[in-house]
Structures are given as structure tokens and as C-alpha cells.
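Visitor: Before I ask anything, let me first share the structure, which is written out below as C-alpha cells.
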Amino acid sequence: MSDTLSPDAGAAFDHAAEDWLAWQRSPWARVYYALVRHVLDQLPEASATWNVLDVGGANGADSLPLLASGHRVTILDGSAVLLAEAVAAADRDGLDRGRLRVERVDLDDPRPLPVPDHSTGWDLVLCHNVLHYRDDPAELVARLVAAARPGGTLSLIAPNPAMDVLAAAIRDRDPVRGLEMLDAPTRRSETVGVPMRRLERAAVTTAVQAAGAAVTASLGLRTVIDLVSDDEVKHDPEWLRRTTQLELALCSRAPYRDIARFWQLICRTPA
Ligand SMILES: C[S@@+](CC[C@H](N)C(=O)[O-])C[C@H]1O[C@@H](n2cnc3c(N)ncnc32)[C@H](O)[C@@H]1O
């Protein structure tokens, strides 16, 4: 398997936008976004109105709920199609467009990320499911930390390599694939068709610390639903509701969080 990542993930997402938006409507994606929302809702209030930067925020599935709660949100992404979806979703939901900014950016451009006018940085920086597309994830981590204000918060999420092995062997009943995944440096995104780095939580923890921030919470999102082979049951609303409850209880507890589909780090910059 090649270790070379896509040179233009933004364009790849433009191309695959329809399939990716369809994935977001799947039961397993809905569980994922419910878990993200649960974690973000529990962050200590920094101020009545946060300035939130969502890097690689696509159609704003994580940050539009924050807009709905009264915060100011800026979404940066390389996909014009997904950014247009974010604006359309805000309009559809009657959200305050004056508090939403979207900007098409190329994260390969090494310039510092923007900060809000007349401020020392963002109160909250999200970077969810982007770092594993980067050739040098630590370089982007350093720019994310630099963009947060002193005492600001970051939320970083990426797919957890452990679940690649477990899902192949258990859900897909394919132990050969499980063994192949164990030491594979990359895997291919089923929806977008680009290679993704198998990025360990520990590597990003090291990058966060090297950039001068601290990890204050370590979570895992979706521990059980990815191990269930029967996709049909996942469309049963009552099963999904109970499974979501279980996932909410597991997301902050070891060892469950350690094998979940996604790892999440909550980080804090020095005050
Ligand atoms: C898997 S999606 C995640 C979207 C959102 N954060 C979420 O979790 O729902 C990755 C996003 O990162 C963006 N992206 C990846 N590489 C990029 C790059 N080099 N420049 C700009 N955007 C990029 C893609 O366009 C896409 O919208």
C-alpha cells in the first residue's frame, strides 16, 4: 500500500461531495455526530459567545450546532461544494448568517491560519477528520495551536488505527485483511477514494505538546457500532437510540475509548 497521500484532498471532496453527504445521513454517521456534539457541549464555557474556527469543517456538521447555540463560527475548507452546503444548511435551519463565515482555503499553503480581528486567537479550534489526510500532521497541529488564543481550547479527531483491524476481523469477518491492516501505514477512504494515513493518537499528543499545548481529555467515539455486522439493525430507531446511549457512556472510559472508531483529543493552550 502506498504511503503517498492525495495532493488535493479538497478537490477530492468536491468530487465525492454527494457520496460523502449521503454517508453523513447513515445511522453510524449520525451516532458519530451525536457523540461529537455531546463532547463539545460539555466544554467549560469560555465566554458567552465563543469565536470558533472549524478547520476542514466541510458542511459544518460539527460547528453549525455551535452557531445555533449563539457562538460565532468560521469554517475553512478546500471544498467549495461542501462550504456552499454549510451556508445552505444554515439558511435552511434559520441560523444567524451574520455569525457564520466560510472560506475556501488550501491547507497545503503553510501560511498561519487566520485569527479573528482584534483578538489574540480563537476560543475554540476544531480540526475533525483532517489530520490523517496530511503528509505532515504535526505541521498542521502547530498552526492549529498557534491560532488558538491563550487559554483556548482545541478539539482534534481522526480515525483510530486499532478499529481498522477489529472492524475487518469482526464486522467484516476478514482476518486476513485484519492482519494486513495491523502495520499498514495508510488505508483508502471508501467514500472519497483517497489514501488516509493511519494516524495514532499518541503521535498527535506528541505534536500537541511540542506545539506548546496540553491534552486535557482523551476520548474515543463509536466503540461498538462498528463491530456489528448487521447493517439492517442499525436502521432500527430504538436500537440506534440505545446504542447511542451506550456509546455516550463508553466514549470517555478506558479501555473502550482506546479501540473506538475515532480518537478525540481535547487540548488547552497555556493561559
Ligand atoms: C472527512 S472531511 C471532515 C469534515 C468535518 N470536519 C467532519 O468531521 O464532518 C475532511 C475535510 O477536510 C477538507 N480537506 C482535506 N484536506 C484539505 C486541504 N489540503 N485543504 C483544504 N481542505 C482540506 C476536505 O475538503 C473535507 O471537507
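Starting from 1 in every chain, residues are counted up; chains themselves are A, B, ... following the order of the C-alpha cells, and ligands are numbered from 1 as listed.
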Can I get the residues close to ligand 1 as a list in words, where close means within 7 Å and we count only C-alpha atoms and all ligand atoms?

Guide: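 I would give the residues around ligand 1 as Asp8, Ala9, Gly10, Ala11, Phe13, Asp14, Val55, Gly56, Gly57, Ala58, Gly60, Ala61, Asp62, Asp77, Gly78, Ser79, Leu82, Val105, Asp106, Leu107, Asp108, Cys127, His128, Asn129, Val130, Tyr133 and Arg134 of chain A.
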
Visitor: Residues at most 12 Å from Val115 in chain A, counting only C-alpha atoms, excluding those fewer than 6 positions away in the same chain, as a list in words?

Guide: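 Surrounding residues, per the criterion: Asn51, Val52, Leu53, Asp54, Val73, Thr74, Leu76, Gly121, Trp122, Asp123, Leu124, Val125, Arg143, Leu144, Val145, Ala146, Ala147, Ala148 and Arg149 of chain A.
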
Visitor: Could you pull out the alpha helix (DSSP H) residues of range 75-221 of chain A, going by DSSP on the backbone, and write them as a PyMOL selection string?

Guide: chain A and resi 80-92+137-147+161-166+175-182+201-210

Visitor: Limited to C-alpha atoms, could you put the picked residues into a file as an mmCIF file, in the first residue's frame?

Guide:
```
data_model
loop_
_atom_site.group_PDB
_atom_site.id
_atom_site.type_symbol
_atom_site.label_atom_id
_atom_site.label_comp_id
_atom_site.auth_asym_id
_atom_site.auth_seq_id
_atom_site.Cartn_x
_atom_site.Cartn_y
_atom_site.Cartn_z
ATOM 1 C CA ALA A 80 -16.357 24.820 -2.446
ATOM 2 C CA VAL A 81 -19.262 22.367 -2.743
ATOM 3 C CA LEU A 82 -19.221 21.474 0.960
ATOM 4 C CA LEU A 83 -18.790 25.099 2.055
ATOM 5 C CA ALA A 84 -21.844 26.032 -0.053
ATOM 6 C CA GLU A 85 -23.692 23.210 1.734
ATOM 7 C CA ALA A 86 -22.737 24.743 5.099
ATOM 8 C CA VAL A 87 -24.273 28.078 4.077
ATOM 9 C CA ALA A 88 -27.364 26.360 2.660
ATOM 10 C CA ALA A 89 -27.782 24.321 5.873
ATOM 11 C CA ALA A 90 -27.509 27.477 8.000
ATOM 12 C CA ASP A 91 -30.206 29.115 5.851
ATOM 13 C CA ARG A 92 -32.413 26.006 5.963
ATOM 14 C CA PRO A 137 0.091 16.182 10.539
ATOM 15 C CA ALA A 138 2.397 17.788 13.147
ATOM 16 C CA GLU A 139 2.860 20.844 10.937
ATOM 17 C CA LEU A 140 -0.908 21.467 10.863
ATOM 18 C CA VAL A 141 -1.187 20.761 14.614
ATOM 19 C CA ALA A 142 1.373 23.535 15.240
ATOM 20 C CA ARG A 143 -0.690 26.002 13.146
ATOM 21 C CA LEU A 144 -3.902 24.990 14.960
ATOM 22 C CA VAL A 145 -2.299 25.554 18.364
ATOM 23 C CA ALA A 146 -0.886 28.906 17.196
ATOM 24 C CA ALA A 147 -4.365 30.004 16.060
ATOM 25 C CA PRO A 161 -5.998 2.625 13.546
ATOM 26 C CA ALA A 162 -6.996 -0.037 16.129
ATOM 27 C CA MET A 163 -10.551 -0.139 14.753
ATOM 28 C CA ASP A 164 -9.271 -0.816 11.204
ATOM 29 C CA VAL A 165 -8.035 -4.178 12.452
ATOM 30 C CA LEU A 166 -11.016 -5.001 14.665
ATOM 31 C CA PRO A 175 -8.968 -11.924 9.473
ATOM 32 C CA VAL A 176 -6.559 -11.735 6.514
ATOM 33 C CA ARG A 177 -7.488 -8.096 5.987
ATOM 34 C CA GLY A 178 -7.243 -7.541 9.763
ATOM 35 C CA LEU A 179 -3.669 -8.830 9.741
ATOM 36 C CA GLU A 180 -2.809 -6.707 6.686
ATOM 37 C CA MET A 181 -4.165 -3.597 8.404
ATOM 38 C CA LEU A 182 -2.144 -4.148 11.577
ATOM 39 C CA ARG A 201 -3.491 9.335 18.988
ATOM 40 C CA ALA A 202 -0.033 9.162 20.632
ATOM 41 C CA ALA A 203 1.650 10.799 17.628
ATOM 42 C CA VAL A 204 -0.774 13.727 17.721
ATOM 43 C CA THR A 205 -0.436 14.021 21.507
ATOM 44 C CA THR A 206 3.317 14.427 20.988
ATOM 45 C CA ALA A 207 2.704 17.059 18.285
ATOM 46 C CA VAL A 208 0.279 18.979 20.543
ATOM 47 C CA GLN A 209 2.823 19.048 23.363
ATOM 48 C CA ALA A 210 5.652 20.037 21.011
#
```

Visitor: Determine the nearest neighbour of Ala169 in chain A from the options A:Gln42, A:Asp226, A:Gly98, A:Val215, counting only C-alpha atoms.

Guide: A:Asp226

Visitor: Using only C-alpha atoms, which residues sit within 8 Å of Leu199 in chain A once same-chain residues fewer than 6 positions away are excluded, as a VMD selection string?

Guide: chain A and resid 132 158 to 161

Visitor: Please measure the separation of CA of Trp23 in chain A and CA of Pro195 in chain A, giving the value in Å to one decimal.

Guide: 17.6 Å

Visitor: If you run DSSP on this backbone, which residues of range 55-212 of chain A come out as strand (DSSP E or B), and could you give them as a PyMOL selection string?

Guide: chain A and resi 55+72-77+100-104+122-128+148-159+186-188+195-197

Visitor: Just write the chosen residues, N, CA and C atoms, as a tab-separated table (two decimals), in the first residue's frame.

Guide:
```
chain	number	residue	atom	x	y	z
A	55	VAL	N	-11.57	23.91	11.18
A	55	VAL	CA	-10.58	23.73	10.10
A	55	VAL	C	-10.86	22.41	9.38
A	72	ARG	N	-19.94	32.37	17.37
A	72	ARG	CA	-19.54	32.82	16.02
A	72	ARG	C	-18.65	31.75	15.42
A	73	VAL	N	-18.94	31.37	14.17
A	73	VAL	CA	-18.25	30.23	13.56
A	73	VAL	C	-17.62	30.62	12.23
A	74	THR	N	-16.35	30.24	12.07
A	74	THR	CA	-15.68	30.37	10.77
A	74	THR	C	-15.27	28.97	10.32
A	75	ILE	N	-15.69	28.60	9.11
A	75	ILE	CA	-15.34	27.29	8.56
A	75	ILE	C	-14.33	27.48	7.44
A	76	LEU	N	-13.20	26.80	7.54
A	76	LEU	CA	-12.20	26.79	6.47
A	76	LEU	C	-12.24	25.42	5.82
A	77	ASP	N	-12.24	25.39	4.49
A	77	ASP	CA	-12.21	24.08	3.81
A	77	ASP	C	-11.77	24.28	2.36
A	100	LEU	N	-21.76	33.54	10.81
A	100	LEU	CA	-21.09	32.45	10.09
A	100	LEU	C	-20.22	33.00	8.96
A	101	ARG	N	-18.96	32.54	8.92
A	101	ARG	CA	-18.08	32.85	7.79
A	101	ARG	C	-17.58	31.55	7.22
A	102	VAL	N	-17.55	31.44	5.90
A	102	VAL	CA	-16.91	30.27	5.31
A	102	VAL	C	-15.83	30.78	4.37
A	103	GLU	N	-14.72	30.04	4.33
A	103	GLU	CA	-13.61	30.48	3.49
A	103	GLU	C	-12.94	29.27	2.86
A	104	ARG	N	-12.79	29.35	1.54
A	104	ARG	CA	-12.10	28.26	0.85
A	104	ARG	C	-10.60	28.45	1.03
A	122	TRP	N	-8.51	32.22	18.50
A	122	TRP	CA	-9.84	31.62	18.61
A	122	TRP	C	-10.05	31.04	20.00
A	123	ASP	N	-11.29	31.11	20.49
A	123	ASP	CA	-11.61	30.46	21.77
A	123	ASP	C	-11.60	28.94	21.60
A	124	LEU	N	-12.09	28.49	20.45
A	124	LEU	CA	-12.19	27.05	20.20
A	124	LEU	C	-11.80	26.76	18.76
A	125	VAL	N	-10.86	25.84	18.59
A	125	VAL	CA	-10.42	25.41	17.25
A	125	VAL	C	-10.79	23.93	17.10
A	126	LEU	N	-11.58	23.64	16.06
A	126	LEU	CA	-11.91	22.25	15.76
A	126	LEU	C	-11.10	21.80	14.55
A	127	CYS	N	-10.58	20.61	14.60
A	127	CYS	CA	-9.98	20.01	13.40
A	127	CYS	C	-10.33	18.52	13.44
A	128	HIS	N	-11.45	18.20	12.80
A	128	HIS	CA	-12.02	16.86	12.91
A	128	HIS	C	-11.89	16.13	11.58
A	148	ALA	N	-5.12	29.28	18.28
A	148	ALA	CA	-5.99	29.36	19.47
A	148	ALA	C	-5.48	30.49	20.37
A	149	ARG	N	-6.39	31.13	21.08
A	149	ARG	CA	-5.98	32.20	22.00
A	149	ARG	C	-5.29	31.57	23.21
A	150	PRO	N	-4.53	32.37	24.00
A	150	PRO	CA	-4.00	31.84	25.26
A	150	PRO	C	-5.17	31.35	26.12
A	151	GLY	N	-5.05	30.13	26.65
A	151	GLY	CA	-6.16	29.55	27.41
A	151	GLY	C	-7.29	29.05	26.53
A	152	GLY	N	-7.04	28.95	25.23
A	152	GLY	CA	-8.07	28.48	24.30
A	152	GLY	C	-8.10	26.95	24.23
A	153	THR	N	-9.15	26.45	23.58
A	153	THR	CA	-9.39	25.00	23.53
A	153	THR	C	-9.29	24.51	22.10
A	154	LEU	N	-8.78	23.29	21.94
A	154	LEU	CA	-8.75	22.64	20.63
A	154	LEU	C	-9.42	21.27	20.76
A	155	SER	N	-10.11	20.88	19.70
A	155	SER	CA	-10.67	19.53	19.63
A	155	SER	C	-10.16	18.90	18.34
A	156	LEU	N	-9.42	17.81	18.49
A	156	LEU	CA	-8.81	17.13	17.34
A	156	LEU	C	-9.37	15.71	17.27
A	157	ILE	N	-9.78	15.30	16.06
A	157	ILE	CA	-10.34	13.95	15.87
A	157	ILE	C	-9.74	13.33	14.62
A	158	ALA	N	-9.46	12.03	14.69
A	158	ALA	CA	-9.08	11.28	13.48
A	158	ALA	C	-9.46	9.82	13.68
A	159	PRO	N	-9.57	9.07	12.58
A	159	PRO	CA	-9.87	7.63	12.71
A	159	PRO	C	-8.78	6.90	13.48
A	186	THR	N	-1.17	3.29	5.58
A	186	THR	CA	-2.35	4.04	5.09
A	186	THR	C	-3.48	3.04	4.81
A	187	ARG	N	-4.69	3.58	4.65
A	187	ARG	CA	-5.79	2.81	4.08
A	187	ARG	C	-6.58	3.75	3.18
A	188	ARG	N	-7.47	3.19	2.37
A	188	ARG	CA	-8.19	4.01	1.41
A	188	ARG	C	-9.56	4.39	1.95
A	195	PRO	N	-6.16	7.98	-0.28
A	195	PRO	CA	-5.48	7.31	0.83
A	195	PRO	C	-5.50	8.17	2.10
A	196	MET	N	-5.57	7.48	3.22
A	196	MET	CA	-5.58	8.18	4.51
A	196	MET	C	-4.49	7.56	5.38
A	197	ARG	N	-3.72	8.43	6.04
A	197	ARG	CA	-2.70	7.95	6.97
A	197	ARG	C	-3.38	7.28	8.17
```

Visitor: Taking only C-alpha atoms into account, produce a table as CSV in which each residue of range 8-44 of chain A with an atom at most 10 Å from an atom of range 63-69 of chain A appears once, together with its shortest atom pair and the distance in Å to one decimal, ordered by chain and rising number.

Guide:
```
residue,atom,partner,partner_atom,distance
A:Arg37,CA,A:Pro65,CA,7.8
A:Leu40,CA,A:Leu66,CA,8.6
A:Asp41,CA,A:Leu66,CA,8.7
```

Visitor: Looking at A:Asp231, A:Glu238, A:Asp258, A:Glu18, which one is nearest to Asp172 in chain A, with distances taken over only C-alpha atoms?

Guide: A:Asp231

Visitor: Between CA of His235 in chain A and CA of His38 in chain A, what is the distance in Å, rounded to a tenth?

Guide: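 Taking CA of His235 in chain A as the start and CA of His38 in chain A as the end point, the length is 21.2 Å.
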
Visitor: What's the 12 Å shell around Ser26 in chain A, counting only C-alpha atoms, without same-chain residues fewer than 5 positions away, as a ChimeraX atom specification?

Guide: /A:19-21,31-33,231-232,234-237,240

Visitor: Counting only C-alpha atoms, what is within 8 Å of range 242-245 of chain A, bar same-chain residues fewer than 6 positions away, as a ChimeraX atom specification?

Guide: /A:31,34-35,224-225

Visitor: Nearest to Gly220 in chain A among A:Arg171, A:Arg261, A:Arg25, A:Arg30, with distances taken over only C-alpha atoms: which residue is it?

Guide: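 For Gly220 in chain A, the nearest of the given residues is A:Arg261.
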
Visitor: For Trp28 in chain A, which residue among A:Arg198, A:His15, A:Arg241, A:Arg99 is the nearest when counting only C-alpha atoms?

Guide: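 Checking each of A:Arg198, A:His15, A:Arg241, A:Arg99 against Trp28 in chain A, counting only C-alpha atoms, the winner is A:Arg241.
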